[in-house]
file run.csv (CSV, C-alpha atoms)
chain,number,residue,atom,x,y,z
A,1,MET,CA,74.9,-26.7,11.3
A,2,ARG,CA,74.2,-24.7,14.5
A,3,LYS,CA,72.9,-21.7,12.4
A,4,ARG,CA,70.5,-24.0,10.5
A,5,LYS,CA,69.1,-25.4,13.8
A,6,VAL,CA,68.6,-22.0,15.3
A,7,LEU,CA,66.8,-20.7,12.1
A,8,ALA,CA,64.6,-23.8,12.0
A,9,GLY,CA,63.7,-23.2,15.7
A,10,VAL,CA,62.7,-19.6,15.1
A,11,LEU,CA,60.5,-20.4,12.1
A,12,ALA,CA,58.8,-23.2,14.0
A,13,GLY,CA,58.1,-20.7,16.8
A,14,VAL,CA,56.7,-18.1,14.5
A,15,MET,CA,54.4,-20.7,12.8
A,16,THR,CA,53.2,-21.8,16.2
A,17,MET,CA,52.3,-18.2,17.2
A,18,LEU,CA,50.4,-17.5,14.0
A,19,CYS,CA,48.4,-20.6,14.4
A,20,ALA,CA,47.6,-19.8,18.0
A,21,CYS,CA,46.6,-16.2,17.2
A,22,SER,CA,44.3,-17.2,14.4
A,23,GLY,CA,42.0,-18.8,16.9
A,24,MET,CA,42.3,-16.3,19.7
A,25,PRO,CA,39.6,-13.6,20.4
A,26,GLY,CA,40.8,-10.0,20.1
A,27,MET,CA,43.4,-10.6,17.4
A,28,GLY,CA,41.9,-8.0,15.0
A,29,ASN,CA,44.4,-8.3,12.2
A,30,VAL,CA,44.0,-12.0,11.7
A,31,GLN,CA,40.4,-13.2,10.7
A,32,GLN,CA,38.9,-16.5,9.9
A,33,ALA,CA,37.1,-16.7,6.6
A,34,ALA,CA,33.3,-16.5,7.0
A,35,PRO,CA,31.5,-19.7,5.9
A,36,GLU,CA,29.8,-19.4,2.5
A,37,THR,CA,26.0,-19.6,2.2
A,38,LYS,CA,25.2,-22.4,-0.2
A,39,GLU,CA,22.5,-21.8,-2.8
A,40,GLY,CA,19.1,-22.5,-1.4
A,41,GLU,CA,20.1,-22.0,2.2
A,42,GLU,CA,18.2,-19.3,4.2
A,43,ALA,CA,20.1,-16.3,5.4
A,44,SER,CA,21.4,-16.5,9.0
A,45,ALA,CA,19.7,-14.3,11.6
A,46,ASP,CA,23.2,-13.1,12.7
A,47,ASP,CA,24.9,-12.8,9.3
A,48,GLY,CA,25.7,-9.1,10.0
A,49,LYS,CA,24.2,-8.1,6.7
A,50,VAL,CA,22.2,-4.9,6.3
A,51,TYR,CA,19.0,-5.4,4.1
A,52,GLU,CA,17.8,-2.3,2.4
A,53,LEU,CA,14.2,-1.7,1.4
A,54,LYS,CA,12.8,1.3,-0.5
A,55,ILE,CA,9.1,2.0,0.0
A,56,SER,CA,7.5,3.8,-3.0
A,57,THR,CA,4.2,5.7,-3.1
A,58,SER,CA,2.8,8.1,-5.7
A,59,GLN,CA,1.3,10.2,-2.9
A,60,THR,CA,2.9,13.5,-1.8
A,61,GLU,CA,5.3,13.7,1.1
A,62,GLN,CA,2.5,15.6,3.1
A,63,SER,CA,-0.2,12.9,2.5
A,64,LEU,CA,-1.3,10.7,5.4
A,65,ILE,CA,-0.4,7.4,3.7
A,66,THR,CA,3.2,8.7,3.1
A,67,ARG,CA,3.5,9.8,6.7
A,68,ASN,CA,2.2,6.4,7.9
A,69,TYR,CA,4.8,4.6,5.8
A,70,GLN,CA,7.5,6.8,7.4
A,71,LYS,CA,6.3,5.7,10.8
A,72,LEU,CA,6.7,2.1,9.6
A,73,ALA,CA,10.2,2.8,8.3
A,74,ASP,CA,11.2,4.4,11.6
A,75,GLU,CA,9.9,1.5,13.6
A,76,LEU,CA,11.6,-1.1,11.4
A,77,ASN,CA,14.9,0.7,11.4
A,78,ALA,CA,14.8,0.9,15.2
A,79,ARG,CA,13.4,-2.6,16.0
A,80,SER,CA,15.9,-4.3,13.6
A,81,ASN,CA,18.8,-2.6,15.3
A,82,GLY,CA,20.0,-1.4,11.9
A,83,ARG,CA,19.8,-4.7,10.1
A,84,LEU,CA,16.9,-3.3,8.1
A,85,LYS,CA,17.5,0.0,6.4
A,86,VAL,CA,14.0,1.3,5.2
A,87,THR,CA,13.6,4.5,3.3
A,88,VAL,CA,10.3,6.1,2.0
A,89,PHE,CA,10.2,7.6,-1.5
A,90,PRO,CA,7.0,9.7,-2.1
A,91,ALA,CA,5.6,11.4,-5.1
A,92,GLY,CA,6.6,8.6,-7.5
A,93,GLN,CA,10.3,9.3,-7.2
A,94,LEU,CA,11.1,5.6,-8.0
A,95,GLY,CA,8.7,5.5,-10.9
A,96,SER,CA,5.0,4.8,-11.4
A,97,ASP,CA,3.3,2.3,-9.1
A,98,GLU,CA,3.1,-0.2,-12.0
A,99,ASP,CA,6.8,0.2,-12.8
A,100,VAL,CA,7.9,-0.2,-9.2
A,101,LEU,CA,5.7,-3.3,-8.8
A,102,GLU,CA,7.3,-4.9,-11.8
A,103,GLN,CA,10.8,-4.1,-10.3
A,104,ALA,CA,9.7,-5.8,-7.1
A,105,ILE,CA,8.5,-8.9,-9.0
A,106,GLN,CA,11.9,-9.1,-10.7
A,107,GLY,CA,13.6,-9.1,-7.4
A,108,ALA,CA,14.5,-5.5,-6.6
A,109,ASN,CA,14.6,-4.4,-3.0
A,110,VAL,CA,11.5,-2.2,-3.3
A,111,ALA,CA,8.0,-2.2,-1.9
A,112,VAL,CA,5.1,-0.2,-3.3
A,113,ASN,CA,1.9,1.2,-1.9
A,114,THR,CA,-1.1,-0.4,-3.7
A,115,ASP,CA,-4.8,-0.8,-3.6
A,116,ALA,CA,-7.1,-3.9,-4.1
A,117,SER,CA,-8.0,-3.0,-7.7
A,118,ARG,CA,-4.4,-3.2,-8.8
A,119,MET,CA,-3.9,-6.6,-7.1
A,120,GLY,CA,-7.1,-7.7,-8.9
A,121,GLN,CA,-5.1,-7.6,-12.1
A,122,TYR,CA,-3.3,-10.7,-10.8
A,123,VAL,CA,-6.0,-12.3,-8.6
A,124,LYS,CA,-9.4,-11.1,-9.9
A,125,ASP,CA,-11.3,-11.6,-6.7
A,126,PHE,CA,-9.0,-9.1,-4.9
A,127,SER,CA,-10.7,-6.3,-6.7
A,128,ILE,CA,-14.0,-6.7,-4.8
A,129,LEU,CA,-12.5,-4.6,-2.0
A,130,MET,CA,-12.7,-1.7,-4.4
A,131,MET,CA,-16.2,-2.3,-5.7
A,132,GLY,CA,-18.7,0.5,-5.0
A,133,TYR,CA,-20.3,0.2,-1.6
A,134,PHE,CA,-18.8,-3.2,-0.8
A,135,ALA,CA,-18.1,-2.1,2.8
A,136,ASP,CA,-19.4,0.6,5.0
A,137,ASP,CA,-16.1,1.4,6.9
A,138,TYR,CA,-12.6,0.3,7.7
A,139,ASP,CA,-13.6,-2.3,10.3
A,140,GLU,CA,-15.6,-4.3,7.7
A,141,CYS,CA,-12.7,-4.1,5.2
A,142,PHE,CA,-10.2,-5.2,7.9
A,143,GLN,CA,-12.4,-8.2,8.8
A,144,VAL,CA,-12.4,-9.3,5.2
A,145,THR,CA,-8.5,-9.3,5.3
A,146,GLN,CA,-8.7,-11.8,8.2
A,147,THR,CA,-10.8,-14.3,6.3
A,148,ASP,CA,-9.6,-17.6,4.8
A,149,THR,CA,-10.7,-16.4,1.4
A,150,PHE,CA,-8.5,-13.3,1.6
A,151,LYS,CA,-5.5,-15.4,2.8
A,152,GLY,CA,-6.1,-17.7,-0.2
A,153,TRP,CA,-5.8,-14.6,-2.5
A,154,CYS,CA,-2.5,-13.7,-0.8
A,155,ASP,CA,-1.1,-17.2,-1.3
A,156,SER,CA,-2.0,-17.1,-5.0
A,157,LEU,CA,-0.2,-13.8,-5.4
A,158,SER,CA,2.9,-15.2,-3.8
A,159,LYS,CA,3.0,-18.6,-5.5
A,160,ASP,CA,1.7,-17.6,-9.0
A,161,HIS,CA,2.9,-14.0,-9.4
A,162,GLY,CA,5.8,-13.5,-7.1
A,163,ILE,CA,4.1,-10.7,-5.1
A,164,LYS,CA,4.3,-10.7,-1.3
A,165,ILE,CA,1.6,-8.9,0.7
A,166,LEU,CA,3.4,-7.4,3.7
A,167,SER,CA,0.2,-5.9,5.0
A,168,PHE,CA,-3.2,-4.8,3.8
A,169,ALA,CA,-4.2,-3.1,7.0
A,170,PHE,CA,-3.5,0.5,5.9
A,171,TYR,CA,-6.4,2.8,5.2
A,172,ASP,CA,-6.8,6.1,3.5
A,173,GLY,CA,-10.4,6.9,4.1
A,174,PRO,CA,-13.7,7.0,2.1
A,175,ARG,CA,-13.7,8.6,-1.4
A,176,GLN,CA,-15.9,11.5,-2.3
A,177,PHE,CA,-16.7,13.5,-5.4
A,178,MET,CA,-14.9,16.8,-5.9
A,179,THR,CA,-16.6,18.9,-8.6
A,180,ASN,CA,-17.8,22.4,-9.7
A,181,LYS,CA,-21.5,21.5,-9.3
A,182,PRO,CA,-23.3,19.9,-6.4
A,183,ILE,CA,-23.8,16.1,-6.8
A,184,GLN,CA,-27.0,15.1,-5.0
A,185,SER,CA,-28.2,12.2,-7.2
A,186,PRO,CA,-26.8,10.0,-10.0
A,187,GLU,CA,-28.5,12.2,-12.5
A,188,ASP,CA,-26.2,15.1,-11.5
A,189,LEU,CA,-23.2,13.1,-12.6
A,190,LYS,CA,-24.4,12.6,-16.1
A,191,GLY,CA,-22.0,14.0,-18.7
A,192,LEU,CA,-19.3,14.8,-16.2
A,193,ARG,CA,-15.8,13.6,-16.9
A,194,ILE,CA,-14.6,12.3,-13.5
A,195,ARG,CA,-11.1,11.1,-12.8
A,196,THR,CA,-11.0,7.7,-11.1
A,197,ILE,CA,-8.5,4.8,-10.6
A,198,GLY,CA,-8.0,3.2,-14.0
A,199,GLN,CA,-9.1,-0.3,-13.0
A,200,GLU,CA,-12.3,-2.0,-14.2
A,201,VAL,CA,-14.1,-2.2,-10.8
A,202,CYS,CA,-13.5,1.6,-10.4
A,203,THR,CA,-14.4,2.7,-13.9
A,204,GLU,CA,-17.5,0.5,-14.0
A,205,THR,CA,-18.7,1.8,-10.6
A,206,ILE,CA,-18.2,5.4,-11.6
A,207,GLN,CA,-20.0,4.9,-14.9
A,208,ALA,CA,-22.9,3.1,-13.2
A,209,MET,CA,-23.2,6.1,-10.9
A,210,GLY,CA,-23.7,8.3,-13.9
A,211,ALA,CA,-20.4,9.9,-14.7
A,212,THR,CA,-17.8,9.4,-17.6
A,213,PRO,CA,-14.8,7.8,-15.9
A,214,ILE,CA,-11.4,9.1,-16.9
A,215,SER,CA,-8.1,7.4,-16.1
A,216,MET,CA,-5.3,9.9,-15.4
A,217,SER,CA,-2.2,10.1,-13.3
A,218,TRP,CA,-3.0,11.7,-10.0
A,219,GLY,CA,-0.3,14.3,-10.5
A,220,GLU,CA,-2.1,15.6,-13.5
A,221,VAL,CA,-5.6,15.9,-11.9
A,222,TYR,CA,-5.2,19.5,-10.5
A,223,ASN,CA,-4.3,20.8,-14.0
A,224,GLY,CA,-6.9,18.6,-15.6
A,225,ILE,CA,-9.7,20.2,-13.6
A,226,GLN,CA,-8.2,23.7,-13.9
A,227,SER,CA,-8.0,23.4,-17.7
A,228,LYS,CA,-11.5,21.9,-17.8
A,229,ALA,CA,-10.2,18.6,-19.3
A,230,LEU,CA,-12.0,17.1,-16.3
A,231,GLU,CA,-15.2,18.2,-14.5
A,232,GLY,CA,-13.9,16.7,-11.3
A,233,CYS,CA,-12.5,13.7,-9.5
A,234,GLU,CA,-13.4,11.2,-6.8
A,235,VAL,CA,-10.8,11.1,-4.0
A,236,GLN,CA,-10.3,10.8,-0.3
A,237,ASN,CA,-9.8,13.8,1.9
A,238,THR,CA,-6.3,12.7,3.0
A,239,SER,CA,-5.2,13.3,-0.6
A,240,SER,CA,-7.6,16.0,-1.8
A,241,TYR,CA,-6.4,18.4,0.9
A,242,PRO,CA,-2.6,18.1,0.5
A,243,SER,CA,-3.0,18.0,-3.3
A,244,ARG,CA,-5.1,21.3,-3.0
A,245,ILE,CA,-7.9,20.0,-5.2
A,246,TYR,CA,-10.3,22.3,-3.3
A,247,GLU,CA,-8.6,25.2,-5.1
A,248,VAL,CA,-10.1,24.0,-8.4
A,249,CYS,CA,-13.3,22.5,-7.2
A,250,LYS,CA,-16.2,24.3,-5.4
A,251,TYR,CA,-18.0,21.3,-4.0
A,252,GLN,CA,-17.5,18.0,-2.3
A,253,SER,CA,-20.4,15.5,-2.4
A,254,LYS,CA,-20.0,12.9,0.4
A,255,THR,CA,-21.0,9.7,-1.3
A,256,GLY,CA,-18.4,7.5,0.4
A,257,HIS,CA,-18.6,5.0,-2.5
A,258,PHE,CA,-15.1,3.5,-2.1
A,259,GLN,CA,-13.4,2.6,1.2
A,260,LEU,CA,-9.7,2.9,0.2
A,261,MET,CA,-7.8,0.1,1.8
A,262,GLN,CA,-4.1,0.3,1.1
A,263,GLY,CA,-1.5,-2.5,0.9
A,264,LEU,CA,2.3,-2.7,1.0
A,265,VAL,CA,3.7,-5.3,-1.3
A,266,CYS,CA,7.2,-6.4,-2.3
A,267,GLY,CA,8.6,-9.2,-4.4
A,268,GLN,CA,8.4,-12.8,-3.0
A,269,GLY,CA,12.0,-13.5,-4.1
A,270,TRP,CA,13.4,-10.5,-2.2
A,271,PHE,CA,11.3,-11.3,0.9
A,272,GLU,CA,12.6,-14.9,1.0
A,273,SER,CA,16.2,-13.5,0.9
A,274,LEU,CA,15.6,-12.1,4.4
A,275,PRO,CA,16.5,-14.1,7.5
A,276,GLU,CA,13.3,-15.5,9.1
A,277,ASP,CA,13.3,-13.2,12.0
A,278,LEU,CA,13.4,-10.1,9.7
A,279,GLN,CA,10.6,-11.6,7.6
A,280,LYS,CA,8.5,-11.9,10.7
A,281,LEU,CA,9.5,-8.4,12.0
A,282,LEU,CA,8.6,-6.9,8.6
A,283,GLU,CA,5.1,-8.4,8.4
A,284,ASP,CA,4.2,-8.0,12.1
A,285,THR,CA,5.3,-4.4,12.2
A,286,ALA,CA,3.6,-3.5,8.9
A,287,ASN,CA,0.3,-5.0,10.2
A,288,GLU,CA,0.7,-3.3,13.6
A,289,ILE,CA,1.4,0.2,12.1
A,290,GLY,CA,-1.3,-0.2,9.4
A,291,LYS,CA,-4.0,-1.0,11.9
A,292,ALA,CA,-2.9,1.6,14.5
A,293,THR,CA,-2.7,4.4,12.0
A,294,ALA,CA,-6.1,3.6,10.5
A,295,ALA,CA,-7.6,4.8,13.7
A,296,ASP,CA,-6.0,8.3,13.0
A,297,VAL,CA,-7.4,8.5,9.4
A,298,MET,CA,-11.0,9.5,10.2
A,299,ASN,CA,-9.7,12.3,12.5
A,300,GLU,CA,-7.5,13.6,9.7
A,301,VAL,CA,-10.4,13.2,7.2
A,302,ALA,CA,-12.6,15.5,9.4
A,303,GLU,CA,-9.7,18.0,10.0
A,304,ALA,CA,-9.0,18.1,6.2
A,305,GLU,CA,-12.7,18.8,5.6
A,306,LYS,CA,-12.7,21.6,8.1
A,307,LYS,CA,-9.7,23.2,6.5
A,308,MET,CA,-11.1,22.9,3.0
A,309,VAL,CA,-14.4,24.5,4.1
A,310,GLU,CA,-12.5,27.3,5.6
A,311,ALA,CA,-10.8,27.8,2.2
A,312,GLY,CA,-14.3,28.0,0.5
A,313,LEU,CA,-15.3,24.4,-0.3
A,314,GLU,CA,-19.0,23.7,0.1
A,315,ILE,CA,-20.0,20.3,1.4
A,316,TYR,CA,-23.1,18.3,0.3
A,317,GLU,CA,-24.3,15.1,2.0
A,318,PRO,CA,-26.7,13.4,-0.5
A,319,ASP,CA,-28.8,10.4,0.1
A,320,VAL,CA,-26.5,7.5,-0.9
A,321,GLU,CA,-29.3,4.9,-1.4
A,322,PRO,CA,-29.9,5.9,-5.1
A,323,PHE,CA,-26.1,5.6,-5.7
A,324,LYS,CA,-26.0,2.2,-4.1
A,325,ALA,CA,-28.9,1.0,-6.2
A,326,ALA,CA,-27.2,2.3,-9.4
A,327,VAL,CA,-24.0,0.4,-8.5
A,328,ASP,CA,-25.5,-2.9,-7.4
A,329,PRO,CA,-26.0,-4.4,-10.9
A,330,ILE,CA,-22.2,-4.1,-11.5
A,331,TYR,CA,-21.6,-7.0,-9.0
A,332,GLU,CA,-23.5,-9.3,-11.3
A,333,LYS,CA,-22.0,-7.8,-14.5
A,334,LEU,CA,-18.4,-8.3,-13.2
A,335,GLY,CA,-19.0,-11.7,-11.6
A,336,TYR,CA,-18.8,-10.6,-7.9
A,337,SER,CA,-22.3,-11.4,-6.6
A,338,GLU,CA,-21.5,-14.8,-5.2
A,339,LEU,CA,-18.2,-13.7,-3.8
A,340,ARG,CA,-19.8,-10.8,-2.0
A,341,GLU,CA,-22.3,-13.1,-0.4
A,342,GLN,CA,-19.5,-15.5,0.6
A,343,LEU,CA,-17.4,-12.8,2.2
A,344,TYR,CA,-20.4,-11.2,4.0
A,345,LYS,CA,-21.1,-14.7,5.5
A,346,GLU,CA,-17.5,-15.0,6.6
A,347,ILE,CA,-17.5,-11.6,8.4
A,348,GLY,CA,-21.1,-11.9,9.7
A,349,LYS,CA,-22.5,-9.0,7.6
A,350,THR,CA,-26.0,-9.0,6.3
A,351,ASN,CA,-26.5,-7.5,2.8

call {"tool": "encode", "arguments": {"input": "run.csv", "output": "structure tokens"}}
result
Amino acid sequence: MRKRKVLAGVLAGVMTMLCACSGMPGMGNVQQAAPETKEGEEASADDGKVYELKISTSQTEQSLITRNYQKLADELNARSNGRLKVTVFPAGQLGSDEDVLEQAIQGANVAVNTDASRMGQYVKDFSILMMGYFADDYDECFQVTQTDTFKGWCDSLSKDHGIKILSFAFYDGPRQFMTNKPIQSPEDLKGLRIRTIGQEVCTETIQAMGATPISMSWGEVYNGIQSKALEGCEVQNTSSYPSRIYEVCKYQSKTGHFQLMQGLVCGQGWFESLPEDLQKLLEDTANEIGKATAADVMNEVAEAEKKMVEAGLEIYEPDVEPFKAAVDPIYEKLGYSELREQLYKEIGKTN
């Protein structure tokens, strides 16, 4: 009987110690189970989870937009104290922009660099930002992104298409013609096969200016011009210089027909999986970096022009009024005339 009483007392003592240890701080080998997050609940700000985001762009590692996204990644990694792990994948490493966007819509942890014409495939009015001569500079484009009309487009992308605009404040400069003959009037473009972005607003604009628009992957353009499958392209200096297009083109004609605003988008579903504080950090930092780096763009545009001239490129600055006049009817043709007037009114611009 005595042995049984002693054994019972020892067992009771052990159970008491285990119960006490399970609630004591510092007992590393005894852990309480973490509470499960029920379906539909938002992630906790202190859940200890690391959220990974892969940023994709078709531009080269040396291009300005890629370097700006690297700045964004570095800032997010630092400001989130490691809770966000953001990596940039240049040169289409994750696939074409269209493929990566589809992955984002399906819920993958990817974000992709895009332009307004691509977003116009989902919300038509978005494309006006890529219409010829819609805006004179970055500041006018940025003002448009602050309007109620623009915010309505973003809401529609989120609710109807599962696309979250993290920021549309990035900028890559004005686009110019790169050719092997000087372009000083719309007549000079006649019969020239010119690579442009393969969206309606872009192809219609380039055709109205006199050229034959050709849609082609940017990575194929250098060889396309070299082999004479193309007579040229229209592109911003922040891309033409690192892509070495000046090696296969003798002339740049500064028409500035498109102001290339850039956006970073991800899937709405993935965005909503983030804790609220990380959602805010992601949007705020993307807008901050986008706007800050836009101020550097024109300096880089000028520096790239200088280097291309040193390499033998000749620069022409034609009168752009005939080009503007040629493009203007496209607003009516594509149904953007009233929208242009509305947006100009919202930002206080006279036509």

call {"tool": "closest_atom_pairs", "arguments": {"input": "run.csv", "of": "region 288-329 of chain A", "to": "region 233-251 of chain A", "cutoff": "10 Å", "atoms": "all atoms listed in the file", "output": "JSON lines"}}
result
{"residue": "A:Val297", "atom": "CA", "partner": "A:Thr238", "partner_atom": "CA", "distance": 7.7}
{"residue": "A:Met298", "atom": "CA", "partner": "A:Thr238", "partner_atom": "CA", "distance": 9.2}
{"residue": "A:Glu300", "atom": "CA", "partner": "A:Thr238", "partner_atom": "CA", "distance": 6.9}
{"residue": "A:Val301", "atom": "CA", "partner": "A:Asn237", "partner_atom": "CA", "distance": 5.4}
{"residue": "A:Ala302", "atom": "CA", "partner": "A:Asn237", "partner_atom": "CA", "distance": 8.2}
{"residue": "A:Glu303", "atom": "CA", "partner": "A:Asn237", "partner_atom": "CA", "distance": 9.1}
{"residue": "A:Ala304", "atom": "CA", "partner": "A:Tyr241", "partner_atom": "CA", "distance": 5.9}
{"residue": "A:Glu305", "atom": "CA", "partner": "A:Asn237", "partner_atom": "CA", "distance": 6.9}
{"residue": "A:Lys307", "atom": "CA", "partner": "A:Tyr241", "partner_atom": "CA", "distance": 8.1}
{"residue": "A:Met308", "atom": "CA", "partner": "A:Tyr246", "partner_atom": "CA", "distance": 6.4}
{"residue": "A:Val309", "atom": "CA", "partner": "A:Tyr246", "partner_atom": "CA", "distance": 8.7}
{"residue": "A:Ala311", "atom": "CA", "partner": "A:Tyr246", "partner_atom": "CA", "distance": 7.8}
{"residue": "A:Gly312", "atom": "CA", "partner": "A:Lys250", "partner_atom": "CA", "distance": 7.2}
{"residue": "A:Leu313", "atom": "CA", "partner": "A:Lys250", "partner_atom": "CA", "distance": 5.2}
{"residue": "A:Glu314", "atom": "CA", "partner": "A:Tyr251", "partner_atom": "CA", "distance": 4.9}
{"residue": "A:Ile315", "atom": "CA", "partner": "A:Tyr251", "partner_atom": "CA", "distance": 5.8}
{"residue": "A:Tyr316", "atom": "CA", "partner": "A:Tyr251", "partner_atom": "CA", "distance": 7.3}

call {"tool": "residues_around", "arguments": {"input": "run.csv", "residues": "Glu200 (chain A)", "least_positions_apart": "3", "cutoff": "8 Å", "atoms": "all atoms listed in the file", "output": "list of chain:residue names"}}
result
A:Ser117, A:Thr203, A:Glu204

call {"tool": "closest_residue", "arguments": {"input": "run.csv", "among": "A:Cys154, A:Val221, A:Leu274, A:Ala294", "to": "Asn109 (chain A)", "atoms": "only C-alpha atoms"}}
result
A:Leu274

call {"tool": "residues_around", "arguments": {"input": "run.csv", "residues": "Leu339 (chain A)", "least_positions_apart": "5", "cutoff": "12 Å", "atoms": "all atoms listed in the file", "output": "VMD selection string"}}
result
chain A and resid 124 to 129 131 134 144 149 to 150 331 to 332 334 344 to 346

call {"tool": "closest_atom_pairs", "arguments": {"input": "run.csv", "of": "region 196-311 of chain A", "to": "region 97-102 of chain A", "cutoff": "9 Å", "atoms": "all atoms listed in the file", "output": "Markdown table"}}
result
| residue | atom | partner | partner_atom | distance |
| --- | --- | --- | --- | --- |
| A:Val265 | CA | A:Leu101 | CA | 8.0 |
| A:Cys266 | CA | A:Leu101 | CA | 7.4 |
| A:Gly267 | CA | A:Leu101 | CA | 7.9 |

call {"tool": "residues_around", "arguments": {"input": "run.csv", "residues": "region 87-89 of chain A", "least_positions_apart": "5", "cutoff": "8 Å", "atoms": "only C-alpha atoms", "output": "PyMOL selection string"}}
result
chain A and resi 53-57+66+69-70+73+94

call {"tool": "closest_residue", "arguments": {"input": "run.csv", "among": "A:Met119, A:Asp139, A:Thr179, A:Gly198", "to": "His161 (chain A)", "atoms": "only C-alpha atoms"}}
result
A:Met119

call {"tool": "decode", "arguments": {"input": "run.csv", "residues": "region 141-155 of chain A", "atoms": "N, CA, C and O atoms", "output": "CSV table (one decimal), in the first residue's frame"}}
result
chain,number,residue,atom,x,y,z
A,141,CYS,N,0.1,63.6,-66.1
A,141,CYS,CA,-0.4,62.2,-65.9
A,141,CYS,C,-0.6,61.9,-64.5
A,141,CYS,O,-1.6,61.2,-64.1
A,142,PHE,N,0.3,62.4,-63.6
A,142,PHE,CA,0.1,62.1,-62.2
A,142,PHE,C,-1.2,62.7,-61.6
A,142,PHE,O,-1.9,62.1,-60.8
A,143,GLN,N,-1.5,63.9,-62.1
A,143,GLN,CA,-2.7,64.6,-61.7
A,143,GLN,C,-3.9,63.8,-62.0
A,143,GLN,O,-4.9,63.7,-61.2
A,144,VAL,N,-3.9,63.1,-63.2
A,144,VAL,CA,-5.0,62.3,-63.6
A,144,VAL,C,-5.2,61.1,-62.7
A,144,VAL,O,-6.3,60.7,-62.3
A,145,THR,N,-4.1,60.6,-62.2
A,145,THR,CA,-4.2,59.4,-61.3
A,145,THR,C,-4.7,59.8,-59.9
A,145,THR,O,-5.0,58.9,-59.1
A,146,GLN,N,-4.9,61.1,-59.6
A,146,GLN,CA,-5.4,61.5,-58.4
A,146,GLN,C,-6.9,61.9,-58.5
A,146,GLN,O,-7.5,62.3,-57.5
A,147,THR,N,-7.5,61.8,-59.7
A,147,THR,CA,-8.9,62.2,-59.9
A,147,THR,C,-9.9,61.1,-59.4
A,147,THR,O,-9.5,59.9,-59.3
A,148,ASP,N,-11.1,61.5,-59.2
A,148,ASP,CA,-12.1,60.5,-58.8
A,148,ASP,C,-12.4,59.5,-59.9
A,148,ASP,O,-12.7,58.4,-59.7
A,149,THR,N,-12.3,60.0,-61.2
A,149,THR,CA,-12.5,59.2,-62.3
A,149,THR,C,-11.5,58.0,-62.3
A,149,THR,O,-11.8,56.8,-62.5
A,150,PHE,N,-10.2,58.3,-62.1
A,150,PHE,CA,-9.2,57.3,-62.1
A,150,PHE,C,-9.4,56.3,-61.0
A,150,PHE,O,-9.3,55.1,-61.2
A,151,LYS,N,-9.8,56.8,-59.8
A,151,LYS,CA,-10.0,55.9,-58.7
A,151,LYS,C,-11.2,55.0,-59.0
A,151,LYS,O,-11.2,53.8,-58.5
A,152,GLY,N,-12.1,55.5,-59.7
A,152,GLY,CA,-13.2,54.6,-60.2
A,152,GLY,C,-12.8,53.5,-61.0
A,152,GLY,O,-13.2,52.3,-60.9
A,153,TRP,N,-11.8,53.7,-61.9
A,153,TRP,CA,-11.2,52.7,-62.8
A,153,TRP,C,-10.5,51.6,-61.9
A,153,TRP,O,-10.7,50.4,-62.2
A,154,CYS,N,-9.8,52.1,-60.9
A,154,CYS,CA,-9.1,51.2,-60.0
A,154,CYS,C,-10.1,50.3,-59.3
A,154,CYS,O,-9.8,49.1,-59.1
A,155,ASP,N,-11.2,50.9,-58.8
A,155,ASP,CA,-12.2,50.1,-58.1
A,155,ASP,C,-12.8,49.0,-59.0
A,155,ASP,O,-13.0,47.9,-58.6
